[in-house]
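Here is the structure we will look at, set down as structure tokens.
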Amino acid sequence: MTTLSLVRPARLAGVVFAALMVAACAGVPAAPLAATPAVETGPGFRALTGTDAPSAGWWTGFDDPELQRLVETALKASPVLRGADYSVAEAEALLRLALLGRSPSLTGSASAAARRPTGGADDFEASGDAGLAAGWELDAFGRLGAAIEAARYDETAARELRRDLAVTVASETALAYIDLRSAEARLSVAQANAAAQKDSLDLVQTLFDNGRANELDLNRAEAQYRTTLASLPVFRATIASARNRLAALTGAAATLPAPVTSLDGERVARIPRLTASLSAGAPEGMLRRRPDVRLAEARIGAALALGEAARANLFPRITLNANLFGLISDTGAAFNEDSIGLSFGPSISWAGPDLRRVYAQIDINDARTLAAVADYEATVLGALSEAETALSDYVTERERRADLEAALAAARRSYELSRLRFQEGLDSSLDVLDAQRTLLTTEDQLAVNEAEIARRAIRAYRSLGGIWTDEELTAFRADQEENP
């Protein structure tokens, strides 16, 4: 036979060994895993490694009160988190139920009956009985203790899942806000350039009417102007989409940011910039913070505990029972007989000598434990990959900003010089159009870069663990309820 039951000791040893090797955190209470081995860092971690862990309230580092307000509103009002609250409450109740397994159980019963004898008698005969039974299971082989441990891990898993959802809600709200401000900024850029291109088109039209410009120049100017106008509805649609996402994340009662558009040709939309320093810390610390890793760890603990509970069924269950009962009968109008009895003693139940179902359940739990270990290992590797990628992307995008700012300054000087030279008759309108197109492209690229830096910073914070412990998250949300 090749069933798990025949190779159970080796399989269990493999489970524990695999858990010890891939364990990345020891933060779950009474976790069955060992400390984290050293993890080799990549260029993203090395570029941002600091002595401090990343800020839990990372959204305050963007120095944008509107962003902070929206994230905190989402953490308070998100229906996703309310659903997670109920899951935690269910896990707490299940833990209380498991703890009651070690307490005596009490049951009461009572019954009564009345009958009329045959033979024409007029009197009724009444009888009744009442009883009180108590039972207490002696946890001689650890079944109840293992079930309690499994319930504890399930409660921890529910709390870590809620924290994982809070990380997602906070980051998605911030990303939606960045998308909103980015689209508004790009809309402002396009509107300002459309106004400048309209002036250029009017100028070329005047020159064409006076015979100083040809039809090719006129068509090129109009094509560029119309192309810019065609981009405006796309940005407006992105703005509407971002506002809808914010409404869903923060709740229907949330006050959304006021629309920002161009004002007198000047860009007034502000894309949030990260003003706080982003410190990645050590990979080991990241793994201890990440709720998905802690969730996978708790599931291993629950699976191991359930396996122990299943193995305890190989042995008898011993229960101590006590019964107090009374029998009462009545003939006519008065009681004529009373009796009270008491019984006390142990009872033993055992699935043997046929333990096939017990072994099958043990095999099921072993398979689930191995699957939990594999899932844990995949979660750890995925967390390391996600964090390294997010940090590398953030560093790379941040390095582009200085060159784009220098390119924008040069494009503005080029555009002004080309207009002056065109007005002096030294260059054609084609040079002005090219300079104007370059200016529009560079301004748009800088706006995209600023937004992408913010997005990648948010994703980096998210990959690094993103938010507080469960206790801190609960306290924060309670404070938000008291001080809206």
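Each chain in the structure tokens gets a letter, A, B and so on, in the order shown; residues start at 1 in every chain, and ligands are counted from 1 in the order they appear.
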
Just the residues within 9 Å of Leu439 of chain A, please, counting only C-alpha atoms, with nothing from its chain fewer than 4 positions along; format it as a PyMOL selection string. chain A and resi 193+407-408+410-412+414-415+434-435+443-444

So that each row is one residue of segment 383-479 of chain A with an atom at most 12 Å from segment 294-303 of chain A, can you give its shortest atom pair and the distance in Å to one decimal, using only C-alpha atoms, rows by chain and rising number, as JSON lines?
{"residue": "A:Ala383", "atom": "CA", "partner": "A:Arg294", "partner_atom": "CA", "distance": 11.3}
{"residue": "A:Gly465", "atom": "CA", "partner": "A:Arg294", "partner_atom": "CA", "distance": 10.5}
{"residue": "A:Thr469", "atom": "CA", "partner": "A:Arg294", "partner_atom": "CA", "distance": 11.0}
{"residue": "A:Asp470", "atom": "CA", "partner": "A:Arg294", "partner_atom": "CA", "distance": 11.4}

Distance query Leu246 of chain A at most 9 Å, only C-alpha atoms, self and fewer than 3 positions along chain excluded, as number ranges by chain: A: 70, 74, 172-174, 176-177, 241-243, 249-251, 254, 256

Report, in Å to a single decimal, how far apart atom CA of Leu232 of chain A and atom CA of Gln197 of chain A are. 14.0 Å

Could you name the residues that touch Asp292 of chain A at 12 Å or less, counting only C-alpha atoms, but leaving out those on the same chain fewer than 2 positions away, as a PyMOL selection string? chain A and resi 24-25+156-168+286-290+294-299+375-384+462-466

Okay, now the selection with C-alpha atoms, as an mmCIF file, in the first residue's frame?
data_model
loop_
_atom_site.group_PDB
_atom_site.id
_atom_site.type_symbol
_atom_site.label_atom_id
_atom_site.label_comp_id
_atom_site.auth_asym_id
_atom_site.auth_seq_id
_atom_site.Cartn_x
_atom_site.Cartn_y
_atom_site.Cartn_z
ATOM 1 C CA ALA A 24 9.660 33.610 7.134
ATOM 2 C CA CYS A 25 8.081 34.763 10.323
ATOM 3 C CA THR A 156 -5.357 34.368 13.813
ATOM 4 C CA ALA A 157 -5.905 33.579 10.134
ATOM 5 C CA ALA A 158 -9.176 35.548 10.123
ATOM 6 C CA ARG A 159 -7.431 38.557 11.665
ATOM 7 C CA GLU A 160 -4.548 38.410 9.194
ATOM 8 C CA LEU A 161 -6.990 38.100 6.306
ATOM 9 C CA ARG A 162 -8.737 41.240 7.541
ATOM 10 C CA ARG A 163 -5.396 43.027 7.734
ATOM 11 C CA ASP A 164 -4.563 41.868 4.212
ATOM 12 C CA LEU A 165 -7.868 43.301 3.006
ATOM 13 C CA ALA A 166 -7.090 46.571 4.818
ATOM 14 C CA VAL A 167 -3.759 46.777 2.975
ATOM 15 C CA THR A 168 -5.590 46.267 -0.313
ATOM 16 C CA MET A 286 9.104 42.456 5.427
ATOM 17 C CA LEU A 287 8.104 38.805 5.595
ATOM 18 C CA ARG A 288 7.205 39.133 9.274
ATOM 19 C CA ARG A 289 4.962 42.121 8.492
ATOM 20 C CA ARG A 290 3.134 40.826 5.433
ATOM 21 C CA ARG A 294 1.331 35.366 8.393
ATOM 22 C CA LEU A 295 -1.996 34.043 7.116
ATOM 23 C CA ALA A 296 -0.280 31.157 5.311
ATOM 24 C CA GLU A 297 1.733 30.438 8.459
ATOM 25 C CA ALA A 298 -1.392 30.331 10.612
ATOM 26 C CA ARG A 299 -2.980 27.879 8.183
ATOM 27 C CA ASP A 375 1.130 27.310 -0.257
ATOM 28 C CA TYR A 376 3.267 28.923 2.442
ATOM 29 C CA GLU A 377 6.435 28.416 0.450
ATOM 30 C CA ALA A 378 4.791 29.868 -2.661
ATOM 31 C CA THR A 379 3.534 32.836 -0.624
ATOM 32 C CA VAL A 380 7.014 33.571 0.753
ATOM 33 C CA LEU A 381 8.649 33.357 -2.666
ATOM 34 C CA GLY A 382 5.891 35.467 -4.192
ATOM 35 C CA ALA A 383 6.247 38.081 -1.449
ATOM 36 C CA LEU A 384 10.007 38.360 -2.004
ATOM 37 C CA ARG A 462 1.934 47.519 -0.149
ATOM 38 C CA SER A 463 4.551 44.870 -0.926
ATOM 39 C CA LEU A 464 6.476 45.678 2.266
ATOM 40 C CA GLY A 465 3.592 44.824 4.552
ATOM 41 C CA GLY A 466 1.612 47.974 4.193
#

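When only C-alpha atoms are used to measure the gap to Tyr225 of chain A, the shortest distance among A:Ala276, A:Gln436, A:Glu184, A:Ala130 belongs to A:Gln436.
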
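Every protein or nucleic acid residue with an atom no more than 10 Å from Thr60 of chain A, counting only C-alpha atoms and leaving out same-chain residues fewer than 4 positions away, appears here: Ser55, Ala56, Asp64, Pro65, Leu67, Gln68, Arg69, Val71, Leu274, Thr275 and Ala276 of chain A.
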
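Shortest separation to Ala447 of chain A among A:Leu94, A:Leu404, A:Leu218, A:Ala374 occurs at residue A:Leu404, atoms counted being only C-alpha atoms.
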
Segment 280-351 of chain A near segment 136-141 of chain A within 9 Å: what's each residue's closest atom pair and its distance in Å to one decimal, counting only C-alpha atoms, ordered by chain then ascending residue number, as CSV?
residue,atom,partner,partner_atom,distance
A:Ala309,CA,A:Phe141,CA,8.9
A:Arg311,CA,A:Phe141,CA,9.0
A:Ala312,CA,A:Phe141,CA,5.6
A:Asn313,CA,A:Phe141,CA,8.5
A:Phe315,CA,A:Phe141,CA,7.1
A:Pro316,CA,A:Phe141,CA,8.4
A:Arg317,CA,A:Glu137,CA,7.3
A:Ile318,CA,A:Leu138,CA,5.5
A:Thr319,CA,A:Glu137,CA,4.2
A:Leu320,CA,A:Trp136,CA,5.2
A:Asn321,CA,A:Trp136,CA,6.6

Output of the above residues as a short mmCIF file (atom, residue, chain, number, x, y, z; two decimals), in the first residue's frame, restricted to N, CA, C and O atoms:
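Final file, part.cif:
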data_model
loop_
_atom_site.label_atom_id
_atom_site.label_comp_id
_atom_site.auth_asym_id
_atom_site.auth_seq_id
_atom_site.Cartn_x
_atom_site.Cartn_y
_atom_site.Cartn_z
N ALA A 309 -5.40 16.30 16.25
CA ALA A 309 -6.73 15.92 16.72
C ALA A 309 -7.20 14.64 16.04
O ALA A 309 -7.83 13.77 16.68
N ARG A 311 -5.27 12.21 14.95
CA ARG A 311 -4.50 11.10 15.50
C ARG A 311 -5.01 10.69 16.89
O ARG A 311 -4.90 9.53 17.29
N ALA A 312 -5.55 11.66 17.62
CA ALA A 312 -6.07 11.33 18.95
C ALA A 312 -7.26 10.39 18.86
O ALA A 312 -7.57 9.68 19.83
N ASN A 313 -7.93 10.36 17.70
CA ASN A 313 -9.06 9.44 17.54
C ASN A 313 -8.62 7.98 17.42
O ASN A 313 -9.48 7.08 17.39
N PHE A 315 -7.21 6.59 19.75
CA PHE A 315 -7.29 6.13 21.13
C PHE A 315 -8.71 6.32 21.66
O PHE A 315 -9.49 7.10 21.11
N PRO A 316 -9.06 5.66 22.72
CA PRO A 316 -10.42 5.78 23.25
C PRO A 316 -10.69 7.18 23.81
O PRO A 316 -9.78 7.89 24.23
N ARG A 317 -11.97 7.53 23.84
CA ARG A 317 -12.42 8.74 24.51
C ARG A 317 -13.00 8.32 25.86
O ARG A 317 -13.85 7.42 25.94
N ILE A 318 -12.54 9.00 26.88
CA ILE A 318 -13.00 8.69 28.24
C ILE A 318 -13.83 9.86 28.75
O ILE A 318 -13.36 11.01 28.78
N THR A 319 -15.05 9.57 29.14
CA THR A 319 -15.97 10.60 29.61
C THR A 319 -16.49 10.22 30.99
O THR A 319 -16.88 9.06 31.21
N LEU A 320 -16.48 11.18 31.89
CA LEU A 320 -17.06 10.99 33.22
C LEU A 320 -18.49 11.52 33.20
O LEU A 320 -18.72 12.68 32.85
N ASN A 321 -19.45 10.66 33.58
CA ASN A 321 -20.86 11.02 33.52
C ASN A 321 -21.49 10.97 34.90
O ASN A 321 -21.14 10.14 35.75
#

Which residues are near Thr238 of chain A? Cut-off 12 Å, only C-alpha atoms, ignore same chain within fewer than 4 positions. Put them as a VMD selection string. chain A and resid 176 to 187 231 to 234 242 to 245

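One distance worth recording is that between atom CA of Leu75 of chain A and atom CA of Pro257 of chain A, which is 17.2 Å.
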
Which residues, written as an mmCIF file with all heavy atoms, in the first residue's frame, have at least one atom at most 12 Å from segment 201-209 of chain A, with only C-alpha atoms counted and residues fewer than 2 positions away on the same chain left out?
data_model
loop_
_atom_site.group_PDB
_atom_site.id
_atom_site.type_symbol
_atom_site.label_atom_id
_atom_site.label_comp_id
_atom_site.auth_asym_id
_atom_site.auth_seq_id
_atom_site.Cartn_x
_atom_site.Cartn_y
_atom_site.Cartn_z
ATOM 1 N N ASN A 193 -2.175 73.342 -23.848
ATOM 2 C CA ASN A 193 -1.545 73.222 -25.158
ATOM 3 C C ASN A 193 -2.549 73.409 -26.286
ATOM 4 O O ASN A 193 -2.208 73.945 -27.343
ATOM 5 C CB ASN A 193 -0.855 71.866 -25.272
ATOM 6 C CG ASN A 193 0.506 71.848 -24.610
ATOM 7 O OD1 ASN A 193 1.491 72.272 -25.187
ATOM 8 N ND2 ASN A 193 0.546 71.376 -23.361
ATOM 9 N N ALA A 194 -3.784 72.957 -26.058
ATOM 10 C CA ALA A 194 -4.808 73.174 -27.074
ATOM 11 C C ALA A 194 -5.055 74.664 -27.277
ATOM 12 O O ALA A 194 -5.242 75.129 -28.419
ATOM 13 C CB ALA A 194 -6.100 72.465 -26.675
ATOM 14 N N ALA A 195 -5.043 75.430 -26.169
ATOM 15 C CA ALA A 195 -5.222 76.883 -26.299
ATOM 16 C C ALA A 195 -4.063 77.508 -27.068
ATOM 17 O O ALA A 195 -4.267 78.375 -27.942
ATOM 18 C CB ALA A 195 -5.349 77.506 -24.904
ATOM 19 N N ALA A 196 -2.824 77.056 -26.777
ATOM 20 C CA ALA A 196 -1.663 77.586 -27.509
ATOM 21 C C ALA A 196 -1.700 77.162 -28.976
ATOM 22 O O ALA A 196 -1.362 77.947 -29.879
ATOM 23 C CB ALA A 196 -0.373 77.103 -26.855
ATOM 24 N N GLN A 197 -2.118 75.934 -29.238
ATOM 25 C CA GLN A 197 -2.200 75.476 -30.622
ATOM 26 C C GLN A 197 -3.295 76.201 -31.389
ATOM 27 O O GLN A 197 -3.161 76.440 -32.600
ATOM 28 C CB GLN A 197 -2.444 73.958 -30.636
ATOM 29 C CG GLN A 197 -1.250 73.142 -30.165
ATOM 30 C CD GLN A 197 -1.588 71.700 -29.892
ATOM 31 O OE1 GLN A 197 -2.720 71.265 -30.098
ATOM 32 N NE2 GLN A 197 -0.603 70.943 -29.403
ATOM 33 N N LYS A 198 -4.376 76.571 -30.694
ATOM 34 C CA LYS A 198 -5.415 77.362 -31.349
ATOM 35 C C LYS A 198 -4.884 78.725 -31.738
ATOM 36 O O LYS A 198 -5.179 79.239 -32.845
ATOM 37 C CB LYS A 198 -6.601 77.522 -30.401
ATOM 38 C CG LYS A 198 -7.800 78.262 -31.021
ATOM 39 C CD LYS A 198 -8.351 77.499 -32.210
ATOM 40 C CE LYS A 198 -9.687 78.078 -32.662
ATOM 41 N NZ LYS A 198 -9.614 79.459 -33.155
ATOM 42 N N ASP A 199 -4.078 79.321 -30.873
ATOM 43 C CA ASP A 199 -3.457 80.611 -31.232
ATOM 44 C C ASP A 199 -2.546 80.436 -32.433
ATOM 45 O O ASP A 199 -2.539 81.296 -33.342
ATOM 46 C CB ASP A 199 -2.663 81.153 -30.037
ATOM 47 C CG ASP A 199 -3.562 81.539 -28.882
ATOM 48 O OD1 ASP A 199 -4.772 81.754 -29.111
ATOM 49 O OD2 ASP A 199 -3.057 81.612 -27.742
ATOM 50 N N GLY A 211 -1.277 85.307 -47.806
ATOM 51 C CA GLY A 211 -0.321 84.772 -48.769
ATOM 52 C C GLY A 211 1.057 84.531 -48.222
ATOM 53 O O GLY A 211 1.996 84.269 -48.994
ATOM 54 N N ARG A 212 1.221 84.531 -46.902
ATOM 55 C CA ARG A 212 2.545 84.329 -46.311
ATOM 56 C C ARG A 212 2.756 82.909 -45.793
ATOM 57 O O ARG A 212 3.814 82.589 -45.278
ATOM 58 C CB ARG A 212 2.746 85.315 -45.170
ATOM 59 C CG ARG A 212 2.795 86.772 -45.620
ATOM 60 C CD ARG A 212 2.999 87.680 -44.433
ATOM 61 N NE ARG A 212 4.197 87.314 -43.666
ATOM 62 C CZ ARG A 212 4.484 87.822 -42.476
ATOM 63 N NH1 ARG A 212 3.644 88.691 -41.918
ATOM 64 N NH2 ARG A 212 5.586 87.458 -41.849
ATOM 65 N N ALA A 213 1.732 82.058 -45.881
ATOM 66 C CA ALA A 213 1.840 80.666 -45.486
ATOM 67 C C ALA A 213 1.106 79.803 -46.504
ATOM 68 O O ALA A 213 0.186 80.272 -47.181
ATOM 69 C CB ALA A 213 1.244 80.447 -44.091
ATOM 70 N N ASN A 214 1.544 78.575 -46.622
ATOM 71 C CA ASN A 214 0.908 77.698 -47.607
ATOM 72 C C ASN A 214 -0.128 76.799 -46.943
ATOM 73 O O ASN A 214 -0.252 76.741 -45.706
ATOM 74 C CB ASN A 214 1.957 76.855 -48.341
ATOM 75 C CG ASN A 214 2.825 76.047 -47.367
ATOM 76 O OD1 ASN A 214 2.307 75.413 -46.461
ATOM 77 N ND2 ASN A 214 4.147 76.102 -47.569
ATOM 78 N N GLU A 215 -0.873 76.079 -47.783
ATOM 79 C CA GLU A 215 -1.943 75.237 -47.271
ATOM 80 C C GLU A 215 -1.406 74.078 -46.444
ATOM 81 O O GLU A 215 -2.069 73.618 -45.505
ATOM 82 C CB GLU A 215 -2.762 74.704 -48.440
ATOM 83 C CG GLU A 215 -4.014 73.957 -48.015
ATOM 84 C CD GLU A 215 -4.863 73.543 -49.205
ATOM 85 O OE1 GLU A 215 -4.482 73.831 -50.346
ATOM 86 O OE2 GLU A 215 -5.915 72.906 -48.963
ATOM 87 N N LEU A 216 -0.194 73.593 -46.745
ATOM 88 C CA LEU A 216 0.403 72.515 -45.967
ATOM 89 C C LEU A 216 0.606 72.933 -44.520
ATOM 90 O O LEU A 216 0.297 72.187 -43.591
ATOM 91 C CB LEU A 216 1.736 72.103 -46.600
ATOM 92 C CG LEU A 216 2.522 71.014 -45.857
ATOM 93 C CD1 LEU A 216 1.713 69.720 -45.779
ATOM 94 C CD2 LEU A 216 3.871 70.786 -46.535
ATOM 95 N N ASP A 217 1.126 74.157 -44.316
ATOM 96 C CA ASP A 217 1.311 74.648 -42.943
ATOM 97 C C ASP A 217 -0.016 74.748 -42.207
ATOM 98 O O ASP A 217 -0.115 74.411 -41.022
ATOM 99 C CB ASP A 217 1.996 76.013 -42.978
ATOM 100 C CG ASP A 217 3.431 75.936 -43.471
ATOM 101 O OD1 ASP A 217 4.012 74.834 -43.396
ATOM 102 O OD2 ASP A 217 3.957 76.972 -43.924
ATOM 103 N N LEU A 218 -1.033 75.225 -42.932
ATOM 104 C CA LEU A 218 -2.343 75.386 -42.314
ATOM 105 C C LEU A 218 -2.926 74.029 -41.896
ATOM 106 O O LEU A 218 -3.449 73.872 -40.777
ATOM 107 C CB LEU A 218 -3.288 76.084 -43.284
ATOM 108 C CG LEU A 218 -4.722 76.334 -42.773
ATOM 109 C CD1 LEU A 218 -4.705 77.248 -41.553
ATOM 110 C CD2 LEU A 218 -5.574 76.928 -43.881
ATOM 111 N N ASN A 219 -2.821 73.023 -42.783
ATOM 112 C CA ASN A 219 -3.371 71.703 -42.460
ATOM 113 C C ASN A 219 -2.609 71.035 -41.319
ATOM 114 O O ASN A 219 -3.201 70.346 -40.477
ATOM 115 C CB ASN A 219 -3.318 70.817 -43.702
ATOM 116 C CG ASN A 219 -4.339 71.245 -44.743
ATOM 117 O OD1 ASN A 219 -5.371 71.843 -44.417
ATOM 118 N ND2 ASN A 219 -4.056 70.977 -46.016
ATOM 119 N N ARG A 220 -1.310 71.214 -41.271
ATOM 120 C CA ARG A 220 -0.529 70.642 -40.178
ATOM 121 C C ARG A 220 -0.913 71.271 -38.846
ATOM 122 O O ARG A 220 -1.037 70.568 -37.822
ATOM 123 C CB ARG A 220 0.957 70.833 -40.441
ATOM 124 C CG ARG A 220 1.530 69.870 -41.483
ATOM 125 C CD ARG A 220 2.970 70.200 -41.779
ATOM 126 N NE ARG A 220 3.584 69.178 -42.628
ATOM 127 C CZ ARG A 220 4.792 69.306 -43.187
ATOM 128 N NH1 ARG A 220 5.508 70.416 -42.986
ATOM 129 N NH2 ARG A 220 5.284 68.331 -43.943
ATOM 130 N N ALA A 221 -1.095 72.569 -38.827
ATOM 131 C CA ALA A 221 -1.476 73.242 -37.590
ATOM 132 C C ALA A 221 -2.847 72.784 -37.120
ATOM 133 O O ALA A 221 -3.074 72.544 -35.915
ATOM 134 C CB ALA A 221 -1.461 74.749 -37.789
ATOM 135 N N GLU A 222 -3.777 72.651 -38.069
ATOM 136 C CA GLU A 222 -5.117 72.207 -37.683
ATOM 137 C C GLU A 222 -5.106 70.752 -37.210
ATOM 138 O O GLU A 222 -5.801 70.389 -36.251
ATOM 139 C CB GLU A 222 -6.087 72.370 -38.844
ATOM 140 C CG GLU A 222 -7.516 72.007 -38.460
ATOM 141 C CD GLU A 222 -8.508 72.297 -39.565
ATOM 142 O OE1 GLU A 222 -8.082 72.696 -40.667
ATOM 143 O OE2 GLU A 222 -9.719 72.132 -39.318
ATOM 144 N N ALA A 223 -4.328 69.897 -37.878
ATOM 145 C CA ALA A 223 -4.261 68.494 -37.480
ATOM 146 C C ALA A 223 -3.716 68.343 -36.061
ATOM 147 O O ALA A 223 -4.230 67.542 -35.257
ATOM 148 C CB ALA A 223 -3.387 67.715 -38.461
ATOM 149 N N GLN A 224 -2.694 69.138 -35.742
ATOM 150 C CA GLN A 224 -2.136 69.051 -34.393
ATOM 151 C C GLN A 224 -3.130 69.545 -33.362
ATOM 152 O O GLN A 224 -3.284 68.948 -32.298
ATOM 153 C CB GLN A 224 -0.849 69.868 -34.326
ATOM 154 C CG GLN A 224 -0.137 69.796 -32.979
ATOM 155 C CD GLN A 224 1.282 70.336 -33.038
ATOM 156 O OE1 GLN A 224 2.092 69.891 -33.845
ATOM 157 N NE2 GLN A 224 1.567 71.320 -32.202
ATOM 158 N N TYR A 225 -3.832 70.612 -33.671
ATOM 159 C CA TYR A 225 -4.825 71.170 -32.751
ATOM 160 C C TYR A 225 -5.968 70.184 -32.526
ATOM 161 O O TYR A 225 -6.372 69.933 -31.374
ATOM 162 C CB TYR A 225 -5.340 72.482 -33.315
ATOM 163 C CG TYR A 225 -6.522 73.060 -32.569
ATOM 164 C CD1 TYR A 225 -6.424 73.429 -31.231
ATOM 165 C CD2 TYR A 225 -7.758 73.227 -33.221
ATOM 166 C CE1 TYR A 225 -7.510 73.957 -30.549
ATOM 167 C CE2 TYR A 225 -8.846 73.749 -32.546
ATOM 168 C CZ TYR A 225 -8.710 74.114 -31.205
ATOM 169 O OH TYR A 225 -9.790 74.624 -30.535
ATOM 170 N N ARG A 226 -6.466 69.583 -33.601
ATOM 171 C CA ARG A 226 -7.583 68.646 -33.479
ATOM 172 C C ARG A 226 -7.166 67.370 -32.741
ATOM 173 O O ARG A 226 -7.948 66.783 -31.992
ATOM 174 C CB ARG A 226 -8.129 68.288 -34.860
ATOM 175 C CG ARG A 226 -8.729 69.471 -35.622
ATOM 176 C CD ARG A 226 -9.957 70.004 -34.914
ATOM 177 N NE ARG A 226 -10.514 71.160 -35.629
ATOM 178 C CZ ARG A 226 -11.564 71.863 -35.208
ATOM 179 N NH1 ARG A 226 -12.156 71.528 -34.065
ATOM 180 N NH2 ARG A 226 -12.000 72.889 -35.918
ATOM 181 N N ARG A 419 8.924 80.337 -31.837
ATOM 182 C CA ARG A 419 7.880 81.342 -32.091
ATOM 183 C C ARG A 419 8.490 82.687 -32.445
ATOM 184 O O ARG A 419 8.017 83.374 -33.365
ATOM 185 C CB ARG A 419 6.980 81.483 -30.843
ATOM 186 C CG ARG A 419 5.960 80.367 -30.691
ATOM 187 C CD ARG A 419 5.084 80.600 -29.469
ATOM 188 N NE ARG A 419 4.342 81.857 -29.573
ATOM 189 C CZ ARG A 419 3.146 81.959 -30.143
ATOM 190 N NH1 ARG A 419 2.562 80.887 -30.656
ATOM 191 N NH2 ARG A 419 2.519 83.118 -30.184
ATOM 192 N N PHE A 422 9.882 82.462 -35.911
ATOM 193 C CA PHE A 422 8.817 82.450 -36.912
ATOM 194 C C PHE A 422 8.234 83.845 -37.116
ATOM 195 O O PHE A 422 7.959 84.273 -38.248
ATOM 196 C CB PHE A 422 7.725 81.465 -36.473
ATOM 197 C CG PHE A 422 6.510 81.468 -37.354
ATOM 198 C CD1 PHE A 422 6.578 80.959 -38.650
ATOM 199 C CD2 PHE A 422 5.306 81.996 -36.905
ATOM 200 C CE1 PHE A 422 5.459 80.967 -39.465
ATOM 201 C CE2 PHE A 422 4.190 81.999 -37.721
ATOM 202 C CZ PHE A 422 4.264 81.488 -39.000
ATOM 203 N N GLN A 423 8.034 84.561 -36.000
ATOM 204 C CA GLN A 423 7.492 85.919 -36.120
ATOM 205 C C GLN A 423 8.455 86.855 -36.826
ATOM 206 O O GLN A 423 8.032 87.801 -37.496
ATOM 207 C CB GLN A 423 7.166 86.451 -34.717
ATOM 208 C CG GLN A 423 6.000 85.732 -34.050
ATOM 209 C CD GLN A 423 5.820 86.128 -32.597
ATOM 210 O OE1 GLN A 423 6.582 86.941 -32.070
ATOM 211 N NE2 GLN A 423 4.827 85.542 -31.931
ATOM 212 N N GLY A 425 10.311 85.825 -39.268
ATOM 213 C CA GLY A 425 10.447 85.323 -40.632
ATOM 214 C C GLY A 425 11.682 84.483 -40.846
ATOM 215 O O GLY A 425 12.021 84.180 -41.999
ATOM 216 N N SER A 428 10.028 78.528 -40.526
ATOM 217 C CA SER A 428 8.677 78.274 -41.001
ATOM 218 C C SER A 428 7.783 77.860 -39.839
ATOM 219 O O SER A 428 8.255 77.564 -38.735
ATOM 220 C CB SER A 428 8.694 77.165 -42.058
ATOM 221 O OG SER A 428 9.067 75.931 -41.462
ATOM 222 N N SER A 429 6.491 77.810 -40.112
ATOM 223 C CA SER A 429 5.547 77.387 -39.080
ATOM 224 C C SER A 429 5.755 75.929 -38.692
ATOM 225 O O SER A 429 5.380 75.517 -37.598
ATOM 226 C CB SER A 429 4.113 77.592 -39.572
ATOM 227 O OG SER A 429 3.872 76.801 -40.730
ATOM 228 N N LEU A 430 6.367 75.156 -39.574
ATOM 229 C CA LEU A 430 6.630 73.760 -39.264
ATOM 230 C C LEU A 430 7.552 73.627 -38.050
ATOM 231 O O LEU A 430 7.372 72.747 -37.211
ATOM 232 C CB LEU A 430 7.249 73.057 -40.475
ATOM 233 C CG LEU A 430 7.567 71.567 -40.306
ATOM 234 C CD1 LEU A 430 6.306 70.783 -39.992
ATOM 235 C CD2 LEU A 430 8.239 71.029 -41.562
ATOM 236 N N VAL A 432 7.704 75.730 -35.577
ATOM 237 C CA VAL A 432 6.905 76.046 -34.395
ATOM 238 C C VAL A 432 6.045 74.849 -33.989
ATOM 239 O O VAL A 432 5.940 74.501 -32.814
ATOM 240 C CB VAL A 432 6.016 77.275 -34.659
ATOM 241 C CG1 VAL A 432 5.148 77.583 -33.430
ATOM 242 C CG2 VAL A 432 6.870 78.479 -34.999
ATOM 243 N N LEU A 433 5.435 74.210 -34.993
ATOM 244 C CA LEU A 433 4.594 73.060 -34.706
ATOM 245 C C LEU A 433 5.385 71.911 -34.092
ATOM 246 O O LEU A 433 4.926 71.245 -33.163
ATOM 247 C CB LEU A 433 3.897 72.595 -35.990
ATOM 248 C CG LEU A 433 2.861 73.555 -36.582
ATOM 249 C CD1 LEU A 433 2.340 73.017 -37.898
ATOM 250 C CD2 LEU A 433 1.721 73.803 -35.612
ATOM 251 N N GLN A 436 6.189 72.851 -30.589
ATOM 252 C CA GLN A 436 4.988 72.768 -29.771
ATOM 253 C C GLN A 436 4.618 71.322 -29.464
ATOM 254 O O GLN A 436 4.219 70.989 -28.343
ATOM 255 C CB GLN A 436 3.843 73.470 -30.508
ATOM 256 C CG GLN A 436 2.674 73.861 -29.633
ATOM 257 C CD GLN A 436 1.705 74.739 -30.399
ATOM 258 O OE1 GLN A 436 1.316 74.420 -31.525
ATOM 259 N NE2 GLN A 436 1.320 75.858 -29.810
#

Write down as a PyMOL selection string the residues belonging to segment 271-396 of chain A that are assigned strand (DSSP E) by DSSP computed on the backbone. chain A and resi 317-331+334-349

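Taking atom CA of Ala134 of chain A and atom CA of Ala322 of chain A as endpoints, the distance between them is 5.1 Å.
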
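Proximity of A:Arg102, A:Arg456, A:Arg115, A:Arg400 to Ile148 of chain A, computed with only C-alpha atoms, is greatest for A:Arg102.
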